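Q: So I've got this file, model.cif, and it contains mmCIF, C-alpha atoms and all ligand atoms:
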data_final
loop_
_atom_site.label_atom_id
_atom_site.label_comp_id
_atom_site.auth_asym_id
_atom_site.auth_seq_id
_atom_site.Cartn_x
_atom_site.Cartn_y
_atom_site.Cartn_z
CA MET A 1 0.21 -30.74 -9.96
CA LYS A 2 3.70 -31.91 -10.84
CA PRO A 3 5.20 -34.87 -8.90
CA ARG A 4 7.83 -32.57 -7.37
CA GLN A 5 5.12 -30.17 -6.21
CA GLN A 6 3.13 -33.07 -4.78
CA ASN A 7 6.12 -34.28 -2.76
CA THR A 8 6.68 -30.79 -1.35
CA ILE A 9 3.01 -30.43 -0.43
CA VAL A 10 2.96 -33.79 1.34
CA ALA A 11 6.13 -32.95 3.27
CA LEU A 12 4.67 -29.60 4.32
CA SER A 13 1.37 -31.08 5.40
CA LYS A 14 3.23 -33.32 7.84
CA SER A 15 4.57 -30.28 9.67
CA GLU A 16 1.64 -27.87 9.23
CA LYS A 17 -1.21 -28.40 11.68
CA ASN A 18 -3.65 -26.08 9.92
CA SER A 19 -4.65 -25.49 6.33
CA PHE A 20 -2.16 -23.43 4.30
CA TYR A 21 -1.28 -21.96 0.92
CA VAL A 22 1.90 -22.95 -0.83
CA TYR A 23 3.37 -21.00 -3.76
CA PHE A 24 6.04 -22.35 -6.09
CA LYS A 25 8.36 -19.41 -6.80
CA GLU A 26 9.80 -20.94 -9.95
CA ARG A 27 6.41 -20.83 -11.66
CA ILE A 28 5.79 -17.21 -10.62
CA LYS A 29 9.17 -16.36 -12.14
CA GLU A 30 8.40 -18.22 -15.37
CA VAL A 31 5.13 -16.36 -15.96
CA SER A 32 6.56 -12.98 -14.93
CA GLU A 33 9.33 -13.50 -17.45
CA MET A 34 6.80 -14.25 -20.19
CA PHE A 35 5.49 -10.70 -19.78
CA MET A 36 8.96 -9.17 -19.51
CA ALA A 37 9.78 -10.86 -22.82
CA ILE A 38 7.13 -9.03 -24.84
CA PRO A 39 9.26 -7.76 -27.72
CA TYR A 40 8.18 -4.11 -27.58
CA TYR A 41 9.86 -1.12 -25.93
CA PRO A 42 9.18 1.05 -24.04
CA LYS A 43 6.91 -1.06 -21.85
CA SER A 44 6.16 -1.57 -18.19
CA ILE A 45 4.36 -4.51 -16.64
CA HIS A 46 2.44 -3.79 -13.45
CA PHE A 47 1.30 -6.73 -11.35
CA ALA A 48 -2.29 -6.13 -10.13
CA MET A 49 -1.88 -6.36 -6.38
CA MET A 50 -5.49 -7.27 -5.72
CA ALA A 51 -4.69 -10.73 -7.10
CA ASN A 52 -2.14 -11.33 -4.37
CA SER A 53 -1.10 -8.70 -1.86
CA ASN A 54 1.16 -10.83 0.32
CA PRO A 55 4.32 -8.68 0.78
CA ASP A 56 6.55 -11.72 0.08
CA PHE A 57 4.74 -12.24 -3.20
CA ILE A 58 5.19 -8.58 -4.14
CA ARG A 59 8.91 -8.65 -3.24
CA LEU A 60 9.27 -11.71 -5.41
CA ILE A 61 7.64 -10.26 -8.52
CA ARG A 62 9.72 -7.12 -7.99
CA GLN A 63 12.85 -9.26 -8.32
CA PHE A 64 11.49 -10.55 -11.61
CA GLY A 65 11.14 -7.03 -13.01
CA LEU A 66 7.43 -6.37 -12.50
CA LYS A 67 6.06 -3.08 -11.22
CA VAL A 68 2.66 -2.75 -9.55
CA PHE A 69 -0.91 -1.72 -10.19
CA VAL A 70 -2.98 -0.78 -7.11
CA ASN A 71 -6.51 0.43 -6.48
CA SER A 72 -6.57 1.48 -2.84
CA ALA A 73 -4.66 3.60 -0.33
CA LEU A 74 -3.56 0.53 1.66
CA HIS A 75 -2.07 -1.19 -1.35
CA LEU A 76 -0.41 2.06 -2.40
CA GLU A 77 1.27 2.27 1.01
CA LEU A 78 2.31 -1.36 0.85
CA ALA A 79 3.82 -0.87 -2.60
CA GLN A 80 5.79 2.11 -1.30
CA GLU A 81 6.97 0.20 1.77
CA ILE A 82 8.28 -2.53 -0.49
CA GLY A 83 10.25 0.08 -2.41
CA TYR A 84 8.17 0.95 -5.47
CA GLN A 85 8.33 4.61 -6.38
CA LYS A 86 6.61 7.11 -8.63
CA ASP A 87 5.66 5.71 -12.03
CA GLU A 88 6.55 2.18 -10.98
CA ILE A 89 3.07 2.36 -9.44
CA VAL A 90 -0.12 2.67 -11.48
CA PHE A 91 -3.15 3.70 -9.46
CA ALA A 92 -6.71 3.34 -10.78
CA ALA A 93 -9.91 3.43 -8.79
CA SER A 94 -13.36 4.94 -9.04
CA ALA A 95 -15.04 7.55 -6.83
CA MET A 96 -11.75 8.90 -5.48
CA ASN A 97 -12.07 11.78 -3.03
CA ASP A 98 -9.68 14.75 -2.70
CA ASP A 99 -7.61 13.05 0.01
CA LEU A 100 -6.98 9.97 -2.07
CA MET A 101 -6.17 12.03 -5.16
CA THR A 102 -3.70 14.01 -3.10
CA SER A 103 -1.99 10.86 -1.78
CA VAL A 104 -1.64 9.47 -5.29
CA LYS A 105 -0.25 12.77 -6.55
CA ASP A 106 2.22 12.95 -3.64
CA ALA A 107 3.32 9.38 -4.37
CA GLY A 108 4.02 10.42 -7.97
CA ALA A 109 2.13 7.34 -9.19
CA THR A 110 0.60 7.15 -12.66
CA LEU A 111 -3.09 7.81 -12.14
CA ILE A 112 -5.96 6.54 -14.27
CA LEU A 113 -9.31 8.29 -13.81
CA ASP A 114 -12.73 6.77 -14.20
CA SER A 115 -15.20 9.55 -15.04
CA LEU A 116 -15.71 13.11 -16.25
CA GLY A 117 -16.44 14.17 -12.67
CA GLN A 118 -13.15 12.65 -11.51
CA PHE A 119 -11.27 14.47 -14.26
CA LYS A 120 -12.84 17.81 -13.26
CA ARG A 121 -11.94 17.21 -9.63
CA TRP A 122 -8.33 16.31 -10.52
CA ASN A 123 -8.03 19.26 -12.87
CA SER A 124 -9.22 21.71 -10.23
CA LEU A 125 -6.87 20.24 -7.61
CA PHE A 126 -3.80 19.77 -9.82
CA PRO A 127 -4.14 21.58 -13.14
CA ASP A 128 -0.55 20.80 -14.16
CA GLN A 129 -0.49 17.11 -13.32
CA LYS A 130 -0.93 14.64 -16.15
CA VAL A 131 -3.40 11.80 -15.93
CA GLY A 132 -4.77 8.83 -17.85
CA LEU A 133 -8.38 7.93 -18.63
CA ARG A 134 -10.08 4.57 -18.33
CA CYS A 135 -12.05 3.98 -21.53
CA ASN A 136 -15.31 2.11 -21.62
CA ILE A 137 -15.32 1.07 -25.25
CA GLY A 138 -18.20 -1.33 -24.87
CA ASP A 139 -20.41 0.76 -27.19
CA SER A 140 -17.90 0.29 -29.97
CA VAL A 141 -17.03 -3.41 -29.54
CA LYS A 142 -19.03 -6.50 -28.71
CA ALA A 143 -18.09 -7.01 -25.06
CA LYS A 144 -17.48 -10.51 -23.69
CA GLU A 145 -18.90 -11.43 -20.33
CA SER A 146 -16.27 -12.78 -17.93
CA ILE A 147 -16.59 -14.63 -14.64
CA ALA A 148 -16.93 -11.37 -12.70
CA GLY A 149 -19.40 -9.85 -15.20
CA TYR A 150 -18.80 -7.08 -17.74
CA PHE A 151 -15.94 -4.58 -17.55
CA ILE A 152 -16.88 -2.66 -20.67
CA GLY A 153 -20.24 -1.81 -22.22
CA GLN A 154 -23.60 -0.71 -20.90
CA GLU A 155 -23.51 -3.38 -18.20
CA SER A 156 -20.26 -2.06 -16.76
CA ARG A 157 -20.06 0.81 -14.26
CA LEU A 158 -16.45 1.54 -15.16
CA GLY A 159 -14.66 4.10 -17.31
CA LEU A 160 -15.64 6.93 -19.66
CA THR A 161 -17.85 6.21 -22.65
CA PRO A 162 -16.79 7.33 -26.15
CA ASP A 163 -19.12 10.38 -25.82
CA GLU A 164 -17.54 11.36 -22.53
CA LEU A 165 -14.05 10.88 -23.92
CA GLN A 166 -15.01 13.12 -26.84
CA GLN A 167 -15.77 15.92 -24.37
CA LEU A 168 -12.15 15.86 -23.20
CA ALA A 169 -10.66 15.61 -26.70
CA GLY A 170 -7.42 17.56 -27.13
CA HIS A 171 -6.96 18.22 -23.42
CA GLY A 172 -3.22 18.54 -22.80
CA GLN A 173 -3.41 17.05 -19.32
CA ILE A 174 -4.29 13.63 -20.70
CA GLU A 175 -1.18 11.51 -21.12
CA GLY A 176 -2.59 8.02 -21.45
CA LEU A 177 -5.57 5.80 -22.22
CA HIS A 178 -6.49 2.67 -20.31
CA VAL A 179 -8.79 -0.26 -20.91
CA TYR A 180 -9.55 -3.43 -18.98
CA VAL A 181 -11.41 -5.75 -21.29
CA GLY A 182 -12.48 -8.46 -18.84
CA THR A 183 -10.91 -11.15 -16.74
CA ASN A 184 -9.68 -14.70 -17.28
CA ILE A 185 -9.67 -14.40 -21.07
CA THR A 186 -7.50 -16.63 -23.25
CA ASP A 187 -8.76 -15.37 -26.61
CA VAL A 188 -5.84 -13.28 -27.89
CA ASP A 189 -7.88 -11.89 -30.77
CA TYR A 190 -10.45 -10.46 -28.38
CA PHE A 191 -7.74 -8.50 -26.58
CA ILE A 192 -6.41 -7.19 -29.87
CA TYR A 193 -9.90 -6.33 -31.15
CA CYS A 194 -10.48 -4.17 -28.03
CA TYR A 195 -6.99 -2.63 -28.13
CA GLU A 196 -7.61 -1.54 -31.72
CA GLU A 197 -10.52 0.52 -30.49
CA ILE A 198 -8.27 2.27 -27.95
CA ILE A 199 -5.80 2.95 -30.73
CA ARG A 200 -8.58 4.65 -32.72
CA LEU A 201 -9.31 6.84 -29.69
CA THR A 202 -5.71 8.09 -29.56
CA GLN A 203 -6.66 10.47 -32.40
CA LEU A 204 -8.58 12.49 -29.81
CA PHE A 205 -5.59 12.90 -27.49
CA PRO A 206 -2.45 14.20 -29.22
CA SER A 207 -0.54 14.46 -25.93
CA ILE A 208 -0.68 10.78 -25.04
CA SER A 209 2.55 8.98 -24.21
CA TYR A 210 1.26 5.56 -23.09
CA LEU A 211 -1.51 3.03 -23.56
CA ASP A 212 -2.38 0.83 -20.61
CA PHE A 213 -4.18 -2.29 -21.81
CA GLY A 214 -4.95 -3.54 -18.27
CA GLY A 215 -5.03 -7.20 -17.34
CA GLY A 216 -7.44 -10.05 -17.92
CA PHE A 217 -4.96 -12.69 -19.13
CA GLY A 218 -6.62 -16.02 -18.57
CA LEU A 219 -5.62 -19.15 -16.81
CA ASP A 220 -7.62 -21.95 -18.22
CA GLU A 221 -8.45 -23.96 -15.16
CA THR A 222 -10.03 -26.73 -17.22
CA GLY A 223 -6.85 -27.17 -19.25
CA GLU A 224 -8.73 -26.76 -22.56
CA SER A 225 -6.89 -23.70 -23.83
CA ILE A 226 -3.94 -21.76 -22.54
CA PHE A 227 -2.97 -18.16 -23.10
CA ASP A 228 -0.93 -18.08 -26.31
CA PHE A 229 1.94 -15.74 -25.44
CA GLU A 230 3.64 -16.13 -28.82
CA ALA A 231 0.52 -14.97 -30.68
CA TYR A 232 0.03 -12.14 -28.20
CA TYR A 233 3.67 -10.98 -28.53
CA LYS A 234 3.37 -10.71 -32.26
CA LYS A 235 0.02 -8.95 -32.32
CA VAL A 236 0.44 -6.49 -29.48
CA SER A 237 3.95 -5.50 -30.56
CA GLY A 238 2.73 -5.06 -34.12
CA LEU A 239 -0.09 -2.76 -33.00
CA MET A 240 2.15 -0.66 -30.78
CA SER A 241 5.00 -0.31 -33.29
CA LYS A 242 2.56 0.79 -35.96
CA LEU A 243 1.03 3.38 -33.64
CA SER A 244 4.41 4.76 -32.56
CA ASN A 245 5.42 5.06 -36.22
CA GLN A 246 2.21 6.83 -37.15
CA LEU A 247 2.45 9.29 -34.27
CA GLY A 248 6.19 9.83 -34.73
CA LYS A 249 6.90 9.21 -31.04
CA GLU A 250 7.40 6.15 -28.87
CA ILE A 251 4.20 5.20 -27.11
CA LYS A 252 4.76 3.15 -23.97
CA LEU A 253 2.89 -0.13 -23.59
CA MET A 254 1.62 -0.80 -20.09
CA LEU A 255 -0.09 -3.97 -18.84
CA GLU A 256 -1.62 -4.94 -15.51
CA PRO A 257 -1.69 -8.75 -15.32
CA GLY A 258 -3.08 -10.15 -12.07
CA ARG A 259 -4.48 -13.69 -12.03
CA ILE A 260 -2.08 -15.24 -14.52
CA ILE A 261 1.11 -14.30 -12.66
CA GLY A 262 0.69 -16.59 -9.66
CA GLY A 263 -2.62 -18.35 -10.23
CA ASP A 264 -1.29 -21.80 -11.09
CA ALA A 265 1.78 -21.43 -8.85
CA GLY A 266 -0.40 -21.59 -5.73
CA PHE A 267 -2.20 -24.45 -4.00
CA PHE A 268 -4.49 -24.49 -0.99
CA VAL A 269 -3.90 -27.50 1.23
CA CYS A 270 -6.17 -28.82 3.96
CA LYS A 271 -7.01 -32.11 5.63
CA VAL A 272 -10.11 -34.28 5.80
CA VAL A 273 -11.65 -34.28 9.27
CA ASP A 274 -15.08 -35.79 8.74
CA VAL A 275 -16.94 -37.58 5.95
CA LYS A 276 -20.69 -38.05 5.65
CA LYS A 277 -23.12 -39.28 3.02
CA ARG A 278 -26.07 -37.29 1.76
CA ASN A 279 -28.24 -37.97 -1.30
CA GLY A 280 -25.71 -40.43 -2.68
CA LYS A 281 -22.94 -37.86 -2.39
CA GLN A 282 -19.84 -37.95 -0.26
CA LEU A 283 -19.60 -34.81 1.87
CA ILE A 284 -16.02 -34.18 2.87
CA GLY A 285 -15.45 -31.89 5.85
CA VAL A 286 -12.00 -30.29 6.09
CA ASN A 287 -9.96 -28.28 8.60
CA ALA A 288 -10.53 -25.04 6.65
CA SER A 289 -13.33 -22.67 5.81
CA SER A 290 -14.23 -20.99 2.54
CA VAL A 291 -13.53 -17.66 4.25
CA GLN A 292 -9.88 -18.76 4.03
CA PHE A 293 -10.28 -20.00 0.45
CA PRO A 294 -12.97 -17.58 -0.66
CA ARG A 295 -13.35 -17.90 -4.42
CA PRO A 296 -16.21 -20.43 -4.16
CA LEU A 297 -17.85 -18.07 -1.66
CA LEU A 298 -17.53 -14.98 -3.89
CA TYR A 299 -18.34 -16.71 -7.19
CA PRO A 300 -20.59 -19.62 -6.28
CA ASP A 301 -20.64 -22.28 -9.01
CA LYS A 302 -18.42 -20.20 -11.29
CA THR A 303 -14.97 -21.10 -10.09
CA PHE A 304 -13.09 -24.26 -10.81
CA HIS A 305 -10.16 -25.47 -8.74
CA PRO A 306 -8.89 -28.94 -9.56
CA VAL A 307 -8.92 -31.11 -6.44
CA THR A 308 -6.46 -33.89 -5.63
CA LEU A 309 -7.01 -36.22 -2.71
CA LEU A 310 -3.89 -37.81 -1.22
CA ASN A 311 -3.82 -40.40 1.52
CA ASN A 312 -1.74 -39.65 4.55
CA ASN A 313 1.23 -41.44 2.96
CA GLY A 314 1.10 -38.84 0.22
CA ARG A 315 -0.15 -41.18 -2.50
CA GLU A 316 -3.09 -40.26 -4.66
CA THR A 317 -6.07 -42.26 -3.41
CA LYS A 318 -7.57 -44.84 -5.76
CA ILE A 319 -8.99 -43.18 -8.82
CA ASN A 320 -11.23 -46.04 -9.88
CA ASP A 321 -13.85 -45.52 -7.20
CA GLN A 322 -14.87 -41.96 -8.05
CA GLN A 323 -17.99 -40.62 -6.35
CA ASP A 324 -19.99 -37.39 -6.51
CA SER A 325 -18.38 -35.25 -3.86
CA ILE A 326 -18.57 -31.93 -2.08
CA ILE A 327 -15.89 -30.37 0.11
CA TYR A 328 -17.31 -28.34 2.93
CA GLY A 329 -15.75 -26.06 5.53
CA CYS A 330 -15.57 -26.38 9.30
CA SER A 331 -18.10 -23.64 10.21
CA THR A 332 -21.88 -23.78 10.60
CA TYR A 333 -22.43 -21.48 7.63
CA SER A 334 -24.72 -23.31 5.20
CA ARG A 335 -22.75 -22.06 2.20
CA ASP A 336 -19.33 -22.95 3.51
CA PHE A 337 -18.16 -25.00 0.50
CA LEU A 338 -14.65 -25.23 -0.92
CA ALA A 339 -15.65 -27.34 -3.92
CA LYS A 340 -18.87 -28.75 -5.32
CA ASN A 341 -19.94 -31.07 -8.13
CA ILE A 342 -16.66 -32.91 -8.26
CA GLN A 343 -15.69 -36.55 -8.55
CA LEU A 344 -13.34 -37.89 -5.90
CA PRO A 345 -12.37 -41.31 -4.56
CA LYS A 346 -13.53 -42.35 -1.11
CA ALA A 347 -12.10 -39.91 1.42
CA ARG A 348 -10.92 -40.75 4.92
CA PRO A 349 -10.01 -38.58 7.90
CA ASP A 350 -6.42 -37.30 7.64
CA ASP A 351 -6.37 -37.50 3.83
CA ILE A 352 -4.80 -34.42 2.28
CA VAL A 353 -6.96 -32.23 0.01
CA VAL A 354 -5.09 -30.06 -2.50
CA LEU A 355 -6.95 -27.34 -4.41
CA GLY A 356 -5.16 -26.01 -7.47
CA TYR A 357 -5.13 -22.58 -9.14
CA ALA A 358 -5.08 -21.01 -5.71
CA GLY A 359 -2.35 -18.42 -6.15
CA SER A 360 -4.58 -15.52 -7.23
CA TYR A 361 -7.67 -13.90 -5.73
CA SER A 362 -7.56 -16.56 -3.01
CA ALA A 363 -5.47 -15.61 0.03
CA SER A 364 -5.95 -11.94 -0.88
CA ALA A 365 -9.74 -12.33 -0.71
CA TYR A 366 -9.73 -13.66 2.86
CA THR A 367 -12.57 -12.38 5.03
CA SER A 368 -12.82 -12.37 8.82
CA PHE A 369 -16.53 -13.28 8.59
CA LEU A 370 -17.07 -16.51 10.61
CA GLY A 371 -13.98 -15.99 12.74
CA PHE A 372 -11.20 -18.01 11.13
CA PRO A 373 -7.65 -16.67 10.85
CA PRO A 374 -6.04 -16.13 7.44
CA ALA A 375 -4.33 -19.32 6.29
CA LYS A 376 -0.54 -19.36 6.44
CA GLU A 377 1.17 -18.69 3.10
CA ILE A 378 4.39 -20.57 2.37
CA PHE A 379 6.78 -19.82 -0.50
CA VAL A 380 9.04 -22.60 -1.74
C1 LIG B 401 -8.05 -2.18 -13.66
C2 LIG B 401 -7.58 -3.55 -13.41
N1 LIG B 401 -6.37 -3.93 -13.89
C3 LIG B 401 -5.90 -5.18 -13.69
C4 LIG B 401 -6.62 -6.12 -12.99
C5 LIG B 401 -6.08 -7.53 -12.89
O1 LIG B 401 -6.87 -8.34 -13.69
P1 LIG B 401 -6.58 -9.88 -14.01
O2 LIG B 401 -6.37 -10.57 -12.74
O3 LIG B 401 -7.83 -10.30 -14.70
O4 LIG B 401 -5.38 -9.92 -14.91
C6 LIG B 401 -7.87 -5.77 -12.48
C7 LIG B 401 -8.67 -6.75 -11.75
O5 LIG B 401 -9.80 -6.54 -11.39
C8 LIG B 401 -8.36 -4.45 -12.69
O6 LIG B 401 -9.56 -4.07 -12.22
#
How does this structure look as structure tokens?

A:
Amino acid sequence: MKPRQQNTIVALSKSEKNSFYVYFKERIKEVSEMFMAIPYYPKSIHFAMMANSNPDFIRLIRQFGLKVFVNSALHLELAQEIGYQKDEIVFAASAMNDDLMTSVKDAGATLILDSLGQFKRWNSLFPDQKVGLRCNIGDSVKAKESIAGYFIGQESRLGLTPDELQQLAGHGQIEGLHVYVGTNITDVDYFIYCYEEIIRLTQLFPSISYLDFGGGFGLDETGESIFDFEAYYKKVSGLMSKLSNQLGKEIKLMLEPGRIIGGDAGFFVCKVVDVKKRNGKQLIGVNASSVQFPRPLLYPDKTFHPVTLLNNNGRETKINDQQDSIIYGCSTYSRDFLAKNIQLPKARPDDIVVLGYAGSYSASAYTSFLGFPPAKEIFV
């Protein structure tokens, strides 16, 4: 957290009675612009709305030139309400029924299908409408496991396998190939290694006009490695230019970044209400529940959100008396934790707790389980 961000958070926590999210717009802009600066054309960058579906967030990234990727009827409607039209929207989901297919077709969105059965259904409904295919290339590459499991390979339920893709080879309705290699990945070479496999598959589909390489761009919450945009620019542009040259037509590059766009621009802020000791640990109870900050609930022991404790004057509390600490929520649910296995100085009621990397998959994952309202989201 930068000093300027800290000052803003402290000022806000004086006026906010309840826990809240705060997003720093400047950072969202900076990261959006990193994607817009990929030196390859044609391209379109579609923010994955599941990472943050707050309409203010979506309006903001629209100003910065991003389009959207959605996976449900509600998010499709929201994207349209905000003003996105036709191929500014990419839609991909699995197990879509006729009604949903019809809505996506009527919206004119770019659709990515997930199985042979889905392709047959689409083809019988709309034989003249082009479509893209999600490729599960995990048989051809060594898939990496990410925090939410596998997205390609035998362990993944998603996409068409190379054998299934082969069955559709040469079909003129297929205009694009899609892959999503995993999430929160900072290894540029792994992306490129997977993309190369998609490029090999283009031989099967002479009518393609785009490749959608999905999202997965990592935010290293531990600060050990960061996503190397410069290396990515060079490699992805090189791959795409070579392909376009070989095919004698311009192939559009599409990407669907989610987490990285606002992840480190957002903070979740709450206040200490009660402190107790258990097994030598300090248990810090706050005026928030993990249903409002749900990543620790959805991925127990797999998420990391740096925690800063500030006293009610806004100064960081002493860092030389660190103790094993847990931050727990204000419900009776036994698993209501916001952070575990962390070191924090002695906490006191009214201290401010700031959780970092809270801009993605946090507010959007709110659940009404336990009966707490969604936390307010503030953009500064
Ligand atoms: C198909 C697809 N594209 C993009 C995203 C966004 O991914 P990330 O937040 O890892 O960039 C997701 C997230 O699940 C996805 O399923």

Q: Per residue of chain A within 8 Å of ligand LIG 401 (chain B), record the nearest atom pair and its distance in Å to one decimal, counting all atoms listed in the file, with rows in chain order and ascending residue number, as CSV.

A:
residue,atom,partner,partner_atom,distance
A:Phe47,CA,B:LIG401,C5,7.6
A:Ala48,CA,B:LIG401,C5,4.9
A:Met49,CA,B:LIG401,C5,7.8
A:Met50,CA,B:LIG401,C7,6.8
A:Ala51,CA,B:LIG401,O2,5.9
A:Phe69,CA,B:LIG401,N1,7.0
A:Asn71,CA,B:LIG401,C1,7.8
A:Ala92,CA,B:LIG401,C1,6.4
A:Ala93,CA,B:LIG401,C1,7.7
A:Val179,CA,B:LIG401,C1,7.5
A:Tyr180,CA,B:LIG401,C1,5.7
A:Gly182,CA,B:LIG401,O3,6.5
A:Thr183,CA,B:LIG401,O3,3.8
A:Asn184,CA,B:LIG401,O3,5.4
A:Ile185,CA,B:LIG401,O3,7.8
A:Gly214,CA,B:LIG401,N1,4.6
A:Gly215,CA,B:LIG401,O4,3.7
A:Gly216,CA,B:LIG401,O3,3.3
A:Phe217,CA,B:LIG401,O4,5.1
A:Gly218,CA,B:LIG401,O3,7.0
A:Leu255,CA,B:LIG401,C3,7.9
A:Glu256,CA,B:LIG401,C3,4.7
A:Pro257,CA,B:LIG401,O4,3.9
A:Gly258,CA,B:LIG401,O2,3.4
A:Arg259,CA,B:LIG401,O2,3.7
A:Ile260,CA,B:LIG401,O4,6.3
A:Ser360,CA,B:LIG401,O2,7.6
A:Tyr361,CA,B:LIG401,O2,7.9

Q: Please, what distance in Å, to one decimal, runs between CA of Gly280 (chain A) and CA of Asp301 (chain A)?

A: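 So the two atoms, CA of Gly280 (chain A) and CA of Asp301 (chain A), lie 19.9 Å apart.
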
Q: Could you pull the residues within 7 Å of Ile174 (chain A), counting only C-alpha atoms, minus those fewer than 2 positions along the same chain, as a PDB file with C-alpha atoms, in the coordinates of the input?

A:
ATOM      1  CA  LYS A 130      -0.930  14.640 -16.150  1.00  0.00           C
ATOM      2  CA  VAL A 131      -3.400  11.800 -15.930  1.00  0.00           C
ATOM      3  CA  GLY A 132      -4.770   8.830 -17.850  1.00  0.00           C
ATOM      4  CA  HIS A 171      -6.960  18.220 -23.420  1.00  0.00           C
ATOM      5  CA  GLY A 172      -3.220  18.540 -22.800  1.00  0.00           C
ATOM      6  CA  GLY A 176      -2.590   8.020 -21.450  1.00  0.00           C
ATOM      7  CA  PHE A 205      -5.590  12.900 -27.490  1.00  0.00           C
ATOM      8  CA  SER A 207      -0.540  14.460 -25.930  1.00  0.00           C
ATOM      9  CA  ILE A 208      -0.680  10.780 -25.040  1.00  0.00           C
TER      10      ILE A 208
END

Q: Residues at most 9 Å from region 157-162 of chain A, counting all atoms listed in the file, excluding those fewer than 2 positions away in the same chain, as a list of chain:residue names?

A: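 Returned residues: A:Ser94, A:Leu113, A:Asp114, A:Ser115, A:Leu116, A:Leu133, A:Arg134, A:Cys135, A:Asn136, A:Ile137, A:Gly138, A:Asp139, A:Ser140, A:Tyr150, A:Phe151, A:Ile152, A:Gly153, A:Gln154, A:Glu155, A:Glu164, A:Leu165, A:Gln166, A:Gln167, A:His178, A:Val179, A:Leu201.
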
Q: What lies within 10 Å of region 262-266 of chain A using all atoms listed in the file, ignoring chain neighbours under 2 positions off, as a ChimeraX atom specification?

A: /A:1,5,21-32,51-52,57,61,218-221,257-260,268-269,305,355-363,377-379

Q: Would you save the residues from that selection as a compact mmCIF listing (two decimals), keeping the file's coordinate frame, using C-alpha atoms?

A:
# COMPACT_ATOMS: atom_id res chain seq x y z
CA MET A 1 0.21 -30.74 -9.96
CA GLN A 5 5.12 -30.17 -6.21
CA TYR A 21 -1.28 -21.96 0.92
CA VAL A 22 1.90 -22.95 -0.83
CA TYR A 23 3.37 -21.00 -3.76
CA PHE A 24 6.04 -22.35 -6.09
CA LYS A 25 8.36 -19.41 -6.80
CA GLU A 26 9.80 -20.94 -9.95
CA ARG A 27 6.41 -20.83 -11.66
CA ILE A 28 5.79 -17.21 -10.62
CA LYS A 29 9.17 -16.36 -12.14
CA GLU A 30 8.40 -18.22 -15.37
CA VAL A 31 5.13 -16.36 -15.96
CA SER A 32 6.56 -12.98 -14.93
CA ALA A 51 -4.69 -10.73 -7.10
CA ASN A 52 -2.14 -11.33 -4.37
CA PHE A 57 4.74 -12.24 -3.20
CA ILE A 61 7.64 -10.26 -8.52
CA GLY A 218 -6.62 -16.02 -18.57
CA LEU A 219 -5.62 -19.15 -16.81
CA ASP A 220 -7.62 -21.95 -18.22
CA GLU A 221 -8.45 -23.96 -15.16
CA PRO A 257 -1.69 -8.75 -15.32
CA GLY A 258 -3.08 -10.15 -12.07
CA ARG A 259 -4.48 -13.69 -12.03
CA ILE A 260 -2.08 -15.24 -14.52
CA PHE A 268 -4.49 -24.49 -0.99
CA VAL A 269 -3.90 -27.50 1.23
CA HIS A 305 -10.16 -25.47 -8.74
CA LEU A 355 -6.95 -27.34 -4.41
CA GLY A 356 -5.16 -26.01 -7.47
CA TYR A 357 -5.13 -22.58 -9.14
CA ALA A 358 -5.08 -21.01 -5.71
CA GLY A 359 -2.35 -18.42 -6.15
CA SER A 360 -4.58 -15.52 -7.23
CA TYR A 361 -7.67 -13.90 -5.73
CA SER A 362 -7.56 -16.56 -3.01
CA ALA A 363 -5.47 -15.61 0.03
CA GLU A 377 1.17 -18.69 3.10
CA ILE A 378 4.39 -20.57 2.37
CA PHE A 379 6.78 -19.82 -0.50

Q: Provide the CA of Lys67 (chain A) to CA of Glu33 (chain A) distance in Å, to one decimal place.

A: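 We find that CA of Lys67 (chain A) and CA of Glu33 (chain A) lie 12.6 Å from each other.
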
Q: Report the distance between CA of Pro300 (chain A) and CA of Leu370 (chain A) in Å, rounded to one decimal place.

A: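 For CA of Pro300 (chain A) relative to CA of Leu370 (chain A), the distance reads 17.5 Å.
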
Q: With the input short on atoms, add N, CA and C atoms back to region 239-245 of chain A and write it as a PDB file, in the frame of the given file.

A:
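And here's out.pdb as it stands now:
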ATOM      1  N   LEU A 239       0.828  -3.908 -33.179  1.00  0.00           N
ATOM      2  CA  LEU A 239      -0.090  -2.760 -33.000  1.00  0.00           C
ATOM      3  C   LEU A 239       0.655  -1.539 -32.466  1.00  0.00           C
ATOM      4  N   MET A 240       1.474  -1.781 -31.439  1.00  0.00           N
ATOM      5  CA  MET A 240       2.150  -0.660 -30.780  1.00  0.00           C
ATOM      6  C   MET A 240       3.210  -0.034 -31.679  1.00  0.00           C
ATOM      7  N   SER A 241       3.948  -0.872 -32.413  1.00  0.00           N
ATOM      8  CA  SER A 241       5.000  -0.310 -33.290  1.00  0.00           C
ATOM      9  C   SER A 241       4.355   0.535 -34.374  1.00  0.00           C
ATOM     10  N   LYS A 242       3.245   0.043 -34.899  1.00  0.00           N
ATOM     11  CA  LYS A 242       2.560   0.790 -35.960  1.00  0.00           C
ATOM     12  C   LYS A 242       2.090   2.144 -35.421  1.00  0.00           C
ATOM     13  N   LEU A 243       1.524   2.126 -34.226  1.00  0.00           N
ATOM     14  CA  LEU A 243       1.030   3.380 -33.640  1.00  0.00           C
ATOM     15  C   LEU A 243       2.178   4.362 -33.413  1.00  0.00           C
ATOM     16  N   SER A 244       3.260   3.876 -32.834  1.00  0.00           N
ATOM     17  CA  SER A 244       4.410   4.760 -32.560  1.00  0.00           C
ATOM     18  C   SER A 244       4.924   5.358 -33.873  1.00  0.00           C
ATOM     19  N   ASN A 245       4.974   4.532 -34.912  1.00  0.00           N
ATOM     20  CA  ASN A 245       5.420   5.060 -36.220  1.00  0.00           C
ATOM     21  C   ASN A 245       4.499   6.140 -36.729  1.00  0.00           C
TER      22      ASN A 245
END
